[in-house]
Amino acid sequence: MSLNDKVEIPRRTMVLFFVIDASGSMGGAKIGAVNTAIEEAIPAIKEVSDENADAQIKIAALEFSSGARWLTAQGPVEADQFRWNYIDAGGVTDLGAAYKALNEKLSQKAFMREASGSYAPVIFLMSDGEPTDKWQNEFELLKQNNWFKPAVKVALAIGDEANKEVLREFTGTMESVLEVHNAAILKKMIKFVSVRSTQIASKPPKVGATNTGDGQKQEDVNAAMREALEEADSDSQRDW
């Protein structure tokens, strides 16, 4: 190899996890808005990945209702290869099943096995209701997961019936929980949060940041969400 030869440095991977409540109460406008927003966000996420010299973005998706099911069962999919297949709503809200499934895949033996290494993931949880299974035990196990601990975590509380305290426990702070009450804001927030959190989480830590590493990334995502929600106030009529 000559001195003029360029050495390709492999990019690390950053996985965006969508964890979606598909229970019966999500039927109609709610699940419709979720489907449309994720589909419309994919090209922007692909663009983030294409322009990022540090990380390649991959996407994993998990739906939960009566049980939990990976939509990306073979593993995270590169953003430019990911295709969103619309999901339907039905059944109960087995959040514990989702936590168990997530815990199983947040492992270097499963979804986090990239040879070039991975940034801490983004985990984006959406729910409109009250868990119907014994989720606490599964959540205690998930909290011990060494990929979950540094993950950037965001939750959408969809409508008045969403248990915001459960979502706060998931994110660790109410600042990372967004409350939405109509389809227009739901779509805006899904698209904005998925793209912006991906941008932030797939970059190296800022030089001179007041916080360090992944904690700073979570703070940056929280700040971006607050700004986006303030800008969406003009569409703040309550349908749910």
# chains A, B, ... in the order shown; residues from 1 in each chain; ligands from 1

$ closest_atom_pairs --of "stretch 68-163 of chain A" --to "stretch 191-194 of chain A" --cutoff "10 Å" --atoms "only C-alpha atoms" --output "tab-separated table"
residue	atom	partner	partner_atom	distance
A:Val122	CA	A:Ser194	CA	8.6
A:Ile123	CA	A:Ser194	CA	9.4
A:Phe124	CA	A:Ser194	CA	7.5
A:Val154	CA	A:Val193	CA	8.1
A:Ala155	CA	A:Val193	CA	9.7
A:Leu156	CA	A:Val193	CA	9.7

$ select_by_dssp --residues "stretch 60-155 of chain A" --states "strand (DSSP E or B)" --output "list of chain:residue names"
A:Ala60, A:Ala61, A:Leu62, A:Glu63, A:Phe64, A:Ser65, A:Gly67, A:Ala68, A:Arg69, A:Trp70, A:Val77, A:Glu78, A:Ser118, A:Val122, A:Ile123, A:Phe124, A:Leu125, A:Met126, A:Ser127, A:Val152, A:Lys153, A:Val154, A:Ala155

$ write_last_selection --atoms "N, CA and C atoms" --output "tab-separated table (two decimals), in the first residue's frame"
chain	number	residue	atom	x	y	z
A	60	ALA	N	-34.94	-0.65	13.44
A	60	ALA	CA	-35.62	-1.85	13.92
A	60	ALA	C	-37.00	-1.43	14.40
A	61	ALA	N	-37.99	-2.28	14.23
A	61	ALA	CA	-39.37	-1.93	14.61
A	61	ALA	C	-40.03	-3.09	15.32
A	62	LEU	N	-40.71	-2.75	16.43
A	62	LEU	CA	-41.39	-3.73	17.28
A	62	LEU	C	-42.79	-3.23	17.56
A	63	GLU	N	-43.80	-4.05	17.30
A	63	GLU	CA	-45.17	-3.68	17.66
A	63	GLU	C	-45.63	-4.57	18.81
A	64	PHE	N	-46.45	-3.99	19.68
A	64	PHE	CA	-46.99	-4.78	20.79
A	64	PHE	C	-48.47	-4.51	20.94
A	65	SER	N	-49.20	-5.58	21.20
A	65	SER	CA	-50.64	-5.51	21.52
A	65	SER	C	-50.89	-6.72	22.41
A	67	GLY	N	-49.26	-9.53	23.09
A	67	GLY	CA	-47.94	-10.03	22.78
A	67	GLY	C	-47.13	-8.97	22.05
A	68	ALA	N	-45.96	-9.35	21.57
A	68	ALA	CA	-45.09	-8.42	20.86
A	68	ALA	C	-44.51	-9.12	19.63
A	69	ARG	N	-44.27	-8.34	18.58
A	69	ARG	CA	-43.79	-8.93	17.32
A	69	ARG	C	-42.80	-7.97	16.66
A	70	TRP	N	-41.62	-8.51	16.34
A	70	TRP	CA	-40.65	-7.72	15.59
A	70	TRP	C	-41.06	-7.63	14.13
A	77	VAL	N	-32.40	-2.92	9.86
A	77	VAL	CA	-32.29	-2.78	8.41
A	77	VAL	C	-31.68	-1.42	8.09
A	78	GLU	N	-30.72	-1.39	7.16
A	78	GLU	CA	-30.12	-0.13	6.74
A	78	GLU	C	-31.21	0.82	6.26
A	118	SER	N	-21.04	-0.01	17.64
A	118	SER	CA	-22.31	0.71	17.57
A	118	SER	C	-22.33	1.87	18.56
A	122	VAL	N	-31.19	4.76	19.72
A	122	VAL	CA	-32.36	5.58	20.05
A	122	VAL	C	-33.55	4.64	20.17
A	123	ILE	N	-34.30	4.74	21.25
A	123	ILE	CA	-35.48	3.89	21.44
A	123	ILE	C	-36.70	4.81	21.57
A	124	PHE	N	-37.61	4.69	20.63
A	124	PHE	CA	-38.75	5.60	20.48
A	124	PHE	C	-40.02	4.80	20.76
A	125	LEU	N	-40.61	5.01	21.95
A	125	LEU	CA	-41.80	4.27	22.40
A	125	LEU	C	-43.04	5.13	22.21
A	126	MET	N	-44.11	4.53	21.66
A	126	MET	CA	-45.38	5.23	21.47
A	126	MET	C	-46.50	4.39	22.08
A	127	SER	N	-47.35	5.05	22.89
A	127	SER	CA	-48.48	4.31	23.48
A	127	SER	C	-49.61	5.27	23.81
A	152	VAL	N	-30.60	6.78	23.99
A	152	VAL	CA	-31.46	7.97	23.97
A	152	VAL	C	-32.89	7.47	23.92
A	153	LYS	N	-33.69	7.84	24.90
A	153	LYS	CA	-35.05	7.30	25.03
A	153	LYS	C	-36.08	8.42	24.93
A	154	VAL	N	-37.09	8.19	24.08
A	154	VAL	CA	-38.16	9.15	23.86
A	154	VAL	C	-39.48	8.41	23.91
A	155	ALA	N	-40.52	9.02	24.47
A	155	ALA	CA	-41.84	8.39	24.50
A	155	ALA	C	-42.90	9.39	24.07

$ residues_around --residues "A:Met14" --least-positions-apart "6" --cutoff "8 Å" --atoms "only C-alpha atoms" --output "ChimeraX atom specification"
/A:55-58,118-122,198,201-202

$ write_last_selection --atoms "N, CA and C atoms" --output "mmCIF file, in the first residue's frame"
data_model
loop_
_atom_site.group_PDB
_atom_site.id
_atom_site.type_symbol
_atom_site.label_atom_id
_atom_site.label_comp_id
_atom_site.auth_asym_id
_atom_site.auth_seq_id
_atom_site.Cartn_x
_atom_site.Cartn_y
_atom_site.Cartn_z
ATOM 1 N N ALA A 55 -21.400 7.413 11.211
ATOM 2 C CA ALA A 55 -22.304 6.309 11.544
ATOM 3 C C ALA A 55 -23.262 6.003 10.414
ATOM 4 N N GLN A 56 -23.564 4.721 10.280
ATOM 5 C CA GLN A 56 -24.617 4.268 9.386
ATOM 6 C C GLN A 56 -25.863 4.034 10.220
ATOM 7 N N ILE A 57 -26.998 4.544 9.742
ATOM 8 C CA ILE A 57 -28.242 4.413 10.492
ATOM 9 C C ILE A 57 -28.966 3.153 10.058
ATOM 10 N N LYS A 58 -29.396 2.369 11.058
ATOM 11 C CA LYS A 58 -30.247 1.213 10.802
ATOM 12 C C LYS A 58 -31.528 1.354 11.621
ATOM 13 N N SER A 118 -21.039 -0.009 17.642
ATOM 14 C CA SER A 118 -22.310 0.711 17.570
ATOM 15 C C SER A 118 -22.334 1.874 18.556
ATOM 16 N N TYR A 119 -22.959 2.954 18.129
ATOM 17 C CA TYR A 119 -23.331 4.003 19.067
ATOM 18 C C TYR A 119 -24.503 3.498 19.906
ATOM 19 N N ALA A 120 -24.704 4.110 21.068
ATOM 20 C CA ALA A 120 -25.899 3.798 21.850
ATOM 21 C C ALA A 120 -27.124 4.066 20.980
ATOM 22 N N PRO A 121 -28.144 3.218 21.047
ATOM 23 C CA PRO A 121 -29.301 3.359 20.161
ATOM 24 C C PRO A 121 -30.253 4.461 20.595
ATOM 25 N N VAL A 122 -31.191 4.762 19.718
ATOM 26 C CA VAL A 122 -32.359 5.583 20.052
ATOM 27 C C VAL A 122 -33.546 4.635 20.165
ATOM 28 N N THR A 198 -32.106 10.832 15.616
ATOM 29 C CA THR A 198 -31.127 10.079 14.848
ATOM 30 C C THR A 198 -29.906 10.939 14.526
ATOM 31 N N ALA A 201 -27.966 11.401 17.949
ATOM 32 C CA ALA A 201 -27.397 10.196 18.550
ATOM 33 C C ALA A 201 -26.305 9.558 17.705
ATOM 34 N N SER A 202 -26.243 9.884 16.423
ATOM 35 C CA SER A 202 -25.263 9.248 15.539
ATOM 36 C C SER A 202 -23.994 10.070 15.369
#

$ atom_distance --atom1 "atom CA of A:Gly117" --atom2 "atom CA of A:Ile59"
15.7 Å

$ residues_around --residues "A:Ala224" --least-positions-apart "5" --cutoff "10 Å" --atoms "only C-alpha atoms" --output "list in words"
Phe192, Val193, Arg196, Ser197, Ile200, Gln218, Glu219 and Leu229 of chain A

$ select_by_dssp --residues "stretch 151-226 of chain A" --states "alpha helix (DSSP H)" --output "JSON, numbers by chain"
{"A": [164, 165, 166, 167, 168, 169, 170, 171, 183, 184, 185, 186, 187, 188, 189, 190, 191, 192, 193, 194, 195, 196, 197, 198, 199, 200, 201, 213, 214, 215, 216, 217, 218, 219, 220, 221, 222, 223, 224, 225, 226]}

$ atom_distance --atom1 "atom CA of A:Val177" --atom2 "atom CA of A:Arg113"
29.0 Å

$ residues_around --residues "A:Ala97" --least-positions-apart "3" --cutoff "12 Å" --atoms "only C-alpha atoms" --output "count of residues only"
30

$ closest_residue --among "A:Met112, A:Val221, A:Ile190, A:Met26" --to "A:Ile45" --atoms "only C-alpha atoms"
A:Ile190
